[in-house]
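**Student:** Sharing a structure here in structure tokens format.
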Amino acid sequence: MEMLLFDRAQKQIGRLLPGLVTPTEIDDLNGEHRLIFSYPSDAEWAEHIKESNFVACQDMDHNWQLYEITEVRDRIDTVEAVCDHAYYALAGMEFMSGACEGSALTALTRVLAGTGWEPGIVEPQASRTVSFQHVSPWTAVAKIADYWGGELRFRVDISGARIAHKYIDLLTRRGDVTGKRFEFGRDIRDIDITLNRSAVVTALYGWGQGESIPEDGEETERLTFADVEWVKGEGAELHPGGPTSPAPCDKPLGQLWVGDDAARQAYGRYDPGVGDFKHVFGEYDSQAQSPQALLWETWRQLQKRNEPLVNIKATVADLEQIPGFEHEKVRLGDTCYIILPDISPLAARVIRIMRRRKDPGSTEIELGNFRPVQGERISDIERRVKHADGRSGVWDRSRVINPDGTLPASALDGVIDAVQNQIRAGGGEVVMDDEGFRVLDTGDPETALGKIHAVARDGEAALVLGKRDSPIDPWEERVGMTSSGFQLHAEEVVAGTFTGDRLHIGPGVGFDPGYDPLQANQALKSLADGTYTGGTLIDGTTLYSPNIVGLNILGMTGEFDHLWAGNRQGAHVELGEESGLPFVSLHDDAGNVITALTKQGIMIDPRGKINLPYLVTSNPDNAVIRTANIADRRFLMLRSGEGEENGAMIYVYNENDPTYPGQLRLYSGGSITAVLRSDNSARFYGDVQVDGLLSTAAFRTNTAGNLLVDGTLFAYGPILCDGTELRMRGNYPIRFPYFGYDINPAGALRVIRATGRRYMIWDSHDGGDGARILLFSNSDPTYPGQIRLCPGDGSSVGLLLDSDRSVRAYGDLRYDGGLYRGSTRGIPAADIRNGAVTRTKVATGTSSASGSLAVKGVISISMADYSFFPNVYSEASVLLSVNAQNYTSTGTTGRFLLRNEGTDPHNYVVRWRYIAA
């Protein structure tokens with residue numbers, strides 16, 4: 001289903017991919033017309049599915065319909081849009097007041113002026129007067145439809161990338177009497193029957209137009225039929241001084257209402273006080289201008305409201321969408337037949353359809369206005385017969401016509417069945433009275449608009465045909481056939497070949513302008529003697545004419561300089577020659593070329609396409625080639641199927657396309673697979689498998705499957721590899737799977753995924769479950785220039801190397817080599833735990849110094865190189881102060897001072913250990 005996208009200004013902005021749209025159409029005779037569809041949220045043009053934008057699609061009869069998106073619902077992977085038909089906007093336009101007099105076309109033209117809509121097909125031809133007082137254009141249109149007795153249909157025309165016209169059709173009746181039967185076990189899945197008595201009335205008050213202009217503060221005095229009297233069966237005027245028709249009921253003088261006694265007995269309210277049923281009253285507003293016309297209109301309205309509403313809601317199979325079952329189509333307003341077990345057949349109109357295009361078996365229809373199956377209207381039966389006659393060409397091709405030109409009875413079986421169905425299910429009325437035998441087109445003789453009247457008197461019989469535009473208009477009658485001489489009377493006879501013993505044409509016969517048999521005879525003579533100079537002439541073998549208008553040419557061969565078929569100012573086909581080259585062109589209703597075939601090639605209008613059908617019998621579809629029907633866009637679409645949802649597509653973009661200039665975009669499974677850009681780069685949206693060798697200016701593969709990069713290898717998003725660097729984008733890691741594993745576990749090298757931070761992480765196990773190294777940039781705001789080694793599961797720092805080259809061990813420290821400061825060797829090897837050397841691997845020695853220290857005396861003691869742990873002993877328990885902090889040491893020699901803090905001199909001994917060389 002093709003669906004076009006328009007913005008709020010109704011300018012086309014895109015085209016949804018047909019295979020991805022899941023639409024549901026809802027159409028109702030009461031005015032509801034909506035569209036609900038879903039579409040993948042990541043598909044092309046999905047971003048334009050939003051409130052106040054418009055979508056256009058074709059209905060089952062290929063008429064374009066325009067909808068406004070009023071609600072958008074986001075699902076997990078799709079977007080769902082609820083749309084109202086564009087005509088809903090008429091209800092929100094500026095109100096109007098005034099009166100319209102004349103035809104329905106005149107009234108529609110008046111109320112639609114300035115709305116963007118215009119009258120289309122208008123079938124009711126009667127003249128009426130209707131007035132409006134502060135109503136919206138939509139209310140005015142609905143009132144016109146009700147007053148002229150028609151039903152509305154909406155459609156739009158699309159030209160290029162814009163809405164060219166928006167039409168409102170007023171039809172006498174939507175739908176047709178098709179003979180379509182819905183039966184259990186065939187095309188009905190489930191059914192729900194309801195009976196609604198709430199709107200039943202058995203009597204109506206009638207109010208017509210006001211008879212005077214009211215003064216301020218006063219109410220208009222409405223027209224009534226109180227002064228009209230009806231006596232059932234006696235003649236009653238249809239309008240003042242007009243023809244009469246038998247009154248259908250009694251209506252006394254002075255009574256402001258008219259009632260139906262049969263309906264009162266069936267549906268009235270019981271009054272125990274009188275022991276009988278009383279009327280249920282309602283009222284009817286009319287534009288009638290005479291009491292007589294008002295009474296008849298009110299009576300006809302009562303006949304529409306004096307019975308319960310019986311509706312059937314059914315889920316049916318939409319057989320029309322199955323090849324070979326196109327004749328099973330169902331349209332809004334069609335009269336169909338319900339065949340239910342143990343119930344007499346019922347005829348009803350389709351009053352609502354909810355059609356799921358992708359699921360024909362779930363179409364829901366609602367039928368109403370039921371009546372028992374009786375006879376069909378004669379006009380509809382005749383139409384069916386004419387339709388059967390029109391299929392003679394099909395019978396010719398199927399070789400069912402006898403050699404003598406007659407049709408075998410067996411070939412008419414289907415036609416007879418169809419006519420029988422029409423007779424069984426129709427709503428016609430057969431009347432036999434003193435006026436003769438009549439067949440009317442409705443069940444109410446007073447509302448009939450067509451009739452066949454058979455009269456037989458004094459040995460003569462006649463068949464009279466009659467019609468009128470409305471129930472209040474007089475009949476226009478013509479004698480069709482008489483028994484006197486078995487004559488056929490007609491102003492015009494439309495027929496094929498007349499066959500008979502003789503054909504008599506009187507002297508008053510006329511010929512079309514320009515045709516005179518005598519002149520034709522003279523022209524034949526001029527051909528014979530060589531004096532023919534031009535004009536139009538057929539000599540039995542050759543047609544001579546500069547122009548042929550309105551002629552059907554069958555089985556003719558010859559040479560033509562230029563041929564037209566169709567309307568020269570509208571839709572037509574043209575064959576001819578231009579600049580020495582032949583051409584065939586097809587033109588739309590505006591005369592514009594939509595398809596042309598010339599020696600130079602095939603030209604397709606942006607609205608057109610090339611369909612390539614598949615040779616299949618189930619689920620038929622066809623491949624499609626077309627250009628984008630979107631304003632200012634330039635690309636060619638090749639699709640594997642017009643209706644499939646997950647097919648393959650190729651979109652080829654012109655270098656001047658504003659969105660994807662020069663690109664080639666490939667779709668598979670309904671989603672984009674690869675993009676080839678105008679700079680010769682390519683992007684693949686899935687895995688790429690190559691079974692042969694690759695060779696490009698940037699890289700190549702060898703027979704061992706290795707990838708050899710000569711230039712730049714660019715993988716969209718994560719990797720850029722050229723002759724100087726391998727660059728990872730988007731914080732993706734470089735993974736190094738361990739031997740024996742395809743993917744996991746693996747080592748990983750990556751940078752931190754945190755805004756503002758700058759450091760690299762090398763994980764022994766991708767995911768952080770192993771030792772790791774953290775390398776910080778000098779510009780990192782937290783740990784500039786650091787190296788952090790994290791053993792174990794990688795969660796805690798074991799060793800820190802700071803930017804000032806200092807080192808911090810967060811656990812025990814053990815080293816087996818030497819410990820240096822500068823170039824000088826310090827402790828060769830040690831095991832330091834909890835701040836102490838618990839085990840040494842160095843050679844040590846001891847040394848000592850002794851002497852006498854005077855009172856308050858100070859002595860400087862020099863120890864051997866790499867000395868440590870000095871012990872000072874004295875002869876008595878006298879504190880000797882050791883001061884090494886303020887004394888400068890040179891090289892690797894340790895020095896400290898001893899001071900005697902006592903009052904007597906003392907001897908001392910100092911012993912220390914030192915590291916052997």
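A note on labels: chains of the structure tokens are A, B, ... as shown, every chain counts residues from 1, and ligands are counted from 1 in their shown order.
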Tell me, as a list in words, which residues lie within 9 Å of A:Gly102, counting only C-alpha atoms; anything in the same chain fewer than 5 positions away does not count.
**Tutor:** Ala107, Ala126, Ser127, Arg128, Thr129 and Val130 of chain A
**Student:** Just the selected residues (N, CA, C and O atoms), exported as a PDB file, in the first residue's frame, please.
**Tutor:**
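What ended up in result-v3.pdb:
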```pdb
ATOM      1  N   ALA A 107     -25.571  24.699  -3.939  1.00  0.00           N
ATOM      2  CA  ALA A 107     -25.463  24.810  -2.486  1.00  0.00           C
ATOM      3  C   ALA A 107     -24.078  24.388  -2.004  1.00  0.00           C
ATOM      4  O   ALA A 107     -23.472  25.063  -1.152  1.00  0.00           O
ATOM      5  N   ALA A 126     -32.612  17.797  -8.105  1.00  0.00           N
ATOM      6  CA  ALA A 126     -33.786  18.586  -7.742  1.00  0.00           C
ATOM      7  C   ALA A 126     -33.383  19.974  -7.264  1.00  0.00           C
ATOM      8  O   ALA A 126     -32.258  20.211  -6.829  1.00  0.00           O
ATOM      9  N   SER A 127     -34.333  20.899  -7.375  1.00  0.00           N
ATOM     10  CA  SER A 127     -34.122  22.268  -6.911  1.00  0.00           C
ATOM     11  C   SER A 127     -34.701  22.420  -5.509  1.00  0.00           C
ATOM     12  O   SER A 127     -35.827  21.998  -5.241  1.00  0.00           O
ATOM     13  N   ARG A 128     -33.945  22.996  -4.587  1.00  0.00           N
ATOM     14  CA  ARG A 128     -34.367  23.143  -3.205  1.00  0.00           C
ATOM     15  C   ARG A 128     -33.922  24.513  -2.698  1.00  0.00           C
ATOM     16  O   ARG A 128     -33.115  25.208  -3.318  1.00  0.00           O
ATOM     17  N   THR A 129     -34.435  24.867  -1.518  1.00  0.00           N
ATOM     18  CA  THR A 129     -33.969  26.058  -0.805  1.00  0.00           C
ATOM     19  C   THR A 129     -33.609  25.627   0.603  1.00  0.00           C
ATOM     20  O   THR A 129     -34.414  25.009   1.303  1.00  0.00           O
ATOM     21  N   VAL A 130     -32.395  25.942   1.028  1.00  0.00           N
ATOM     22  CA  VAL A 130     -31.926  25.548   2.342  1.00  0.00           C
ATOM     23  C   VAL A 130     -31.240  26.758   2.978  1.00  0.00           C
ATOM     24  O   VAL A 130     -30.603  27.557   2.292  1.00  0.00           O
TER      25      VAL A 130
END
```
**Student:** Any idea what's packed within 7 Å of A:Val231, counting only C-alpha atoms, ignoring anything in its chain fewer than 4 positions away? Could you give it as a VMD selection string?
**Tutor:** chain A and resid 247 249 to 251
**Student:** Write the residues you've just listed into a file as an mmCIF file, in the first residue's frame, and include C-alpha atoms for each of them.
**Tutor:**
```cif
data_model
loop_
_atom_site.group_PDB
_atom_site.id
_atom_site.type_symbol
_atom_site.label_atom_id
_atom_site.label_comp_id
_atom_site.auth_asym_id
_atom_site.auth_seq_id
_atom_site.Cartn_x
_atom_site.Cartn_y
_atom_site.Cartn_z
ATOM 1 C CA ALA A 247 -53.052 9.257 1.783
ATOM 2 C CA CYS A 249 -53.087 7.204 6.999
ATOM 3 C CA ASP A 250 -55.687 9.379 8.688
ATOM 4 C CA LYS A 251 -54.567 12.840 9.866
#
```
**Student:** When DSSP works through the backbone of this structure, what residues of stretch 29-176 of chain A end up as alpha helix (DSSP H), shown as a PyMOL selection string?
**Tutor:** chain A and resi 104-112+137-148
**Student:** Could you list, as a PyMOL selection string, every residue within 12 Å of A:Ala99, counting only C-alpha atoms and ignoring same-chain residues fewer than 6 positions away?
**Tutor:** chain A and resi 106-108+110-111+128-135+140+144+209+287
**Student:** Using only C-alpha atoms for the distances, tell me which of A:Arg181, A:Arg814, A:Arg356, A:Arg665 is nearest to A:Phe635.
**Tutor:** A:Arg665
**Student:** Just the number, please: distance in Å from atom CA of A:Met3 to atom CA of A:Thr22, one decimal.
**Tutor:**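 Interatomic distance, atom CA of A:Met3 to atom CA of A:Thr22: 10.6 Å.
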**Student:** Quick one: residues within 10 Å of A:Tyr205, only C-alpha atoms counted, chain neighbours fewer than 4 positions away excluded, as a list in words?
**Tutor:** Thr224, Phe225, Gln255, Leu256, Trp257, Val258, Gly259, Phe281, Gly282, Glu283, Tyr284, Asp285, Leu295, Thr298, Trp299 and Leu302 of chain A
**Student:** Save the residues we just selected, all heavy atoms, as a short mmCIF file (atom, residue, chain, number, x, y, z; two decimals), in the first residue's frame?
**Tutor:**
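And here's out-v7.cif as it stands now:
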```
data_model
loop_
_atom_site.label_atom_id
_atom_site.label_comp_id
_atom_site.auth_asym_id
_atom_site.auth_seq_id
_atom_site.Cartn_x
_atom_site.Cartn_y
_atom_site.Cartn_z
N THR A 224 -46.36 24.50 10.01
CA THR A 224 -46.87 23.20 10.42
C THR A 224 -47.86 22.70 9.37
O THR A 224 -48.19 23.40 8.42
CB THR A 224 -47.60 23.27 11.78
OG1 THR A 224 -48.83 23.99 11.62
CG2 THR A 224 -46.73 23.97 12.83
N PHE A 225 -48.33 21.46 9.55
CA PHE A 225 -49.34 20.92 8.63
C PHE A 225 -50.69 20.76 9.36
O PHE A 225 -51.50 19.89 9.01
CB PHE A 225 -48.89 19.58 8.03
CG PHE A 225 -48.31 18.60 9.01
CD1 PHE A 225 -49.10 17.97 9.95
CD2 PHE A 225 -46.95 18.30 8.99
CE1 PHE A 225 -48.58 17.05 10.84
CE2 PHE A 225 -46.41 17.39 9.88
CZ PHE A 225 -47.24 16.76 10.81
N GLN A 255 -54.39 18.73 13.82
CA GLN A 255 -53.40 17.86 14.46
C GLN A 255 -52.00 18.22 13.95
O GLN A 255 -51.77 18.28 12.74
CB GLN A 255 -53.73 16.40 14.19
CG GLN A 255 -52.81 15.41 14.87
CD GLN A 255 -53.29 13.98 14.73
OE1 GLN A 255 -54.31 13.60 15.32
NE2 GLN A 255 -52.58 13.22 13.92
N LEU A 256 -51.07 18.44 14.89
CA LEU A 256 -49.71 18.86 14.53
C LEU A 256 -48.77 17.70 14.28
O LEU A 256 -47.59 17.92 13.99
CB LEU A 256 -49.13 19.75 15.65
CG LEU A 256 -49.84 21.08 15.89
CD1 LEU A 256 -49.23 21.79 17.10
CD2 LEU A 256 -49.73 21.96 14.66
N TRP A 257 -49.27 16.48 14.43
CA TRP A 257 -48.41 15.31 14.23
C TRP A 257 -49.10 14.30 13.33
O TRP A 257 -50.31 14.34 13.13
CB TRP A 257 -48.04 14.67 15.57
CG TRP A 257 -49.22 14.33 16.45
CD1 TRP A 257 -49.79 15.12 17.40
CD2 TRP A 257 -49.99 13.11 16.44
NE1 TRP A 257 -50.86 14.50 17.99
CE2 TRP A 257 -50.99 13.25 17.43
CE3 TRP A 257 -49.93 11.92 15.70
CZ2 TRP A 257 -51.92 12.24 17.68
CZ3 TRP A 257 -50.85 10.92 15.97
CH2 TRP A 257 -51.84 11.09 16.95
N VAL A 258 -48.29 13.39 12.79
CA VAL A 258 -48.81 12.30 11.97
C VAL A 258 -48.26 11.00 12.55
O VAL A 258 -47.10 10.93 12.98
CB VAL A 258 -48.40 12.46 10.49
CG1 VAL A 258 -46.89 12.44 10.32
CG2 VAL A 258 -49.03 11.38 9.62
N GLY A 259 -49.12 9.96 12.63
CA GLY A 259 -48.71 8.71 13.27
C GLY A 259 -48.95 7.50 12.38
O GLY A 259 -49.72 7.54 11.43
N PHE A 281 -43.60 9.67 20.58
CA PHE A 281 -43.48 10.84 19.74
C PHE A 281 -42.03 11.27 19.54
O PHE A 281 -41.17 11.07 20.40
CB PHE A 281 -44.27 12.01 20.34
CG PHE A 281 -45.75 11.86 20.23
CD1 PHE A 281 -46.49 11.25 21.24
CD2 PHE A 281 -46.42 12.32 19.10
CE1 PHE A 281 -47.86 11.11 21.13
CE2 PHE A 281 -47.79 12.18 18.98
CZ PHE A 281 -48.51 11.57 20.00
N GLY A 282 -41.81 11.89 18.38
CA GLY A 282 -40.56 12.55 18.07
C GLY A 282 -40.87 13.77 17.23
O GLY A 282 -42.04 14.13 17.04
N GLU A 283 -39.86 14.43 16.70
CA GLU A 283 -40.10 15.58 15.84
C GLU A 283 -39.11 15.58 14.68
O GLU A 283 -38.06 14.96 14.73
CB GLU A 283 -39.99 16.88 16.63
CG GLU A 283 -38.65 17.12 17.29
CD GLU A 283 -38.63 18.43 18.07
OE1 GLU A 283 -39.58 19.22 17.93
OE2 GLU A 283 -37.67 18.65 18.82
N TYR A 284 -39.50 16.33 13.63
CA TYR A 284 -38.70 16.37 12.41
C TYR A 284 -38.65 17.81 11.92
O TYR A 284 -39.68 18.47 11.77
CB TYR A 284 -39.32 15.46 11.35
CG TYR A 284 -38.69 15.61 9.98
CD1 TYR A 284 -37.36 15.26 9.76
CD2 TYR A 284 -39.44 16.09 8.91
CE1 TYR A 284 -36.78 15.40 8.51
CE2 TYR A 284 -38.87 16.24 7.65
CZ TYR A 284 -37.52 15.89 7.46
OH TYR A 284 -36.96 16.03 6.22
N ASP A 285 -37.43 18.33 11.68
CA ASP A 285 -37.22 19.67 11.14
C ASP A 285 -36.99 19.57 9.64
O ASP A 285 -36.16 18.79 9.18
CB ASP A 285 -36.01 20.34 11.80
CG ASP A 285 -36.31 20.74 13.23
OD1 ASP A 285 -37.42 21.21 13.49
OD2 ASP A 285 -35.43 20.56 14.09
N LEU A 295 -46.01 17.67 5.34
CA LEU A 295 -46.67 16.46 5.85
C LEU A 295 -46.12 15.22 5.16
O LEU A 295 -45.83 14.21 5.81
CB LEU A 295 -48.19 16.58 5.65
CG LEU A 295 -49.02 15.37 6.11
CD1 LEU A 295 -48.73 15.02 7.56
CD2 LEU A 295 -50.50 15.65 5.90
N THR A 298 -42.60 14.52 6.48
CA THR A 298 -42.62 14.00 7.84
C THR A 298 -43.05 12.54 7.84
O THR A 298 -42.51 11.72 8.60
CB THR A 298 -43.57 14.84 8.71
OG1 THR A 298 -43.19 16.22 8.64
CG2 THR A 298 -43.53 14.39 10.16
N TRP A 299 -44.03 12.19 6.99
CA TRP A 299 -44.47 10.79 6.90
C TRP A 299 -43.33 9.89 6.41
O TRP A 299 -43.10 8.81 6.97
CB TRP A 299 -45.68 10.68 5.97
CG TRP A 299 -46.05 9.25 5.68
CD1 TRP A 299 -45.77 8.54 4.55
CD2 TRP A 299 -46.74 8.36 6.55
NE1 TRP A 299 -46.25 7.26 4.65
CE2 TRP A 299 -46.85 7.12 5.89
CE3 TRP A 299 -47.29 8.49 7.82
CZ2 TRP A 299 -47.47 6.02 6.46
CZ3 TRP A 299 -47.92 7.39 8.39
CH2 TRP A 299 -48.00 6.17 7.71
N LEU A 302 -40.94 9.36 9.13
CA LEU A 302 -41.47 8.43 10.13
C LEU A 302 -41.24 6.98 9.71
O LEU A 302 -40.95 6.13 10.55
CB LEU A 302 -42.97 8.71 10.34
CG LEU A 302 -43.71 7.78 11.31
CD1 LEU A 302 -43.10 7.87 12.70
CD2 LEU A 302 -45.19 8.13 11.35
#
```
**Student:** Between atom CA of A:Val573 and atom CA of A:Ser585, what is the spacing in Å?
**Tutor:**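 Distance between the two atoms: 5.8 Å.
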**Student:** Could you jot down the atom CA of A:Val156 to atom CA of A:Gly591 separation for me, Å, one decimal place?
**Tutor:** 18.2 Å
**Student:** Give me the residues within 8 Å of stretch 328-337 of chain A as a compact mmCIF listing (two decimals) with N, CA and C atoms, in the first residue's frame, counting only C-alpha atoms and dropping any in the same chain fewer than 3 places off.
**Tutor:**
```txt
# COMPACT_ATOMS: atom_id res chain seq x y z
N ASP A 27 -14.27 3.16 7.68
CA ASP A 27 -15.16 4.03 6.90
C ASP A 27 -16.60 3.73 7.33
N ASP A 28 -17.37 4.78 7.53
CA ASP A 28 -18.71 4.64 8.11
C ASP A 28 -19.66 5.58 7.38
N LEU A 29 -20.87 5.09 7.08
CA LEU A 29 -21.86 5.94 6.42
C LEU A 29 -22.28 7.12 7.28
N ARG A 173 -26.83 7.44 -3.78
CA ARG A 173 -26.62 6.33 -2.85
C ARG A 173 -25.22 5.80 -3.04
N ARG A 174 -24.52 5.56 -1.93
CA ARG A 174 -23.22 4.92 -2.02
C ARG A 174 -23.40 3.41 -2.08
N GLY A 175 -22.52 2.77 -2.79
CA GLY A 175 -22.60 1.32 -2.90
C GLY A 175 -23.56 0.89 -3.98
N ASP A 176 -23.76 -0.42 -4.06
CA ASP A 176 -24.59 -0.98 -5.11
C ASP A 176 -25.27 -2.24 -4.59
N VAL A 177 -26.22 -2.73 -5.32
CA VAL A 177 -26.84 -4.02 -5.03
C VAL A 177 -26.05 -5.06 -5.79
N THR A 178 -25.13 -5.72 -5.08
CA THR A 178 -24.13 -6.55 -5.76
C THR A 178 -24.48 -8.03 -5.82
N GLY A 179 -25.39 -8.48 -4.96
CA GLY A 179 -25.64 -9.92 -4.90
C GLY A 179 -24.64 -10.64 -4.02
N LYS A 180 -23.72 -9.91 -3.36
CA LYS A 180 -22.73 -10.53 -2.48
C LYS A 180 -23.42 -11.21 -1.31
N ARG A 181 -23.05 -12.46 -1.02
CA ARG A 181 -23.65 -13.23 0.05
C ARG A 181 -22.57 -13.53 1.11
N PHE A 182 -22.92 -13.26 2.38
CA PHE A 182 -22.06 -13.64 3.49
C PHE A 182 -22.67 -14.87 4.14
N ASP A 318 -11.92 -11.00 3.54
CA ASP A 318 -11.98 -10.06 2.41
C ASP A 318 -11.50 -10.79 1.16
N LEU A 319 -12.42 -11.55 0.56
CA LEU A 319 -12.03 -12.42 -0.55
C LEU A 319 -11.56 -11.63 -1.77
N GLU A 320 -11.93 -10.37 -1.85
CA GLU A 320 -11.56 -9.56 -3.02
C GLU A 320 -10.06 -9.54 -3.24
N PHE A 325 -10.97 -13.73 -7.17
CA PHE A 325 -12.18 -13.44 -6.39
C PHE A 325 -12.46 -11.95 -6.36
N PRO A 345 -33.03 -15.66 4.85
CA PRO A 345 -32.02 -14.70 4.38
C PRO A 345 -32.46 -13.26 4.62
N LEU A 346 -31.50 -12.41 4.95
CA LEU A 346 -31.76 -11.00 5.19
C LEU A 346 -30.92 -10.16 4.23
N ALA A 347 -31.53 -9.10 3.73
CA ALA A 347 -30.80 -8.16 2.89
C ALA A 347 -30.49 -6.93 3.74
N ALA A 348 -29.27 -6.40 3.62
CA ALA A 348 -28.86 -5.26 4.44
C ALA A 348 -27.78 -4.48 3.73
N ARG A 349 -27.62 -3.22 4.16
CA ARG A 349 -26.56 -2.37 3.61
C ARG A 349 -25.34 -2.42 4.50
N VAL A 350 -24.18 -2.33 3.88
CA VAL A 350 -22.93 -2.22 4.62
C VAL A 350 -22.81 -0.78 5.10
N ILE A 351 -22.88 -0.59 6.43
CA ILE A 351 -22.86 0.77 6.98
C ILE A 351 -21.52 1.11 7.61
N ARG A 352 -20.65 0.13 7.79
CA ARG A 352 -19.32 0.41 8.35
C ARG A 352 -18.36 -0.70 7.95
N ILE A 353 -17.14 -0.33 7.59
CA ILE A 353 -16.09 -1.30 7.24
C ILE A 353 -14.82 -0.92 7.98
N ALA A 425 -33.61 -10.62 -3.11
CA ALA A 425 -33.09 -9.75 -2.05
C ALA A 425 -33.44 -8.29 -2.24
```
**Student:** From the list A:Gly747, A:Thr844, A:Ser860, A:Tyr908, which residue is nearest A:Val872 when using only C-alpha atoms?
**Tutor:** A:Tyr908
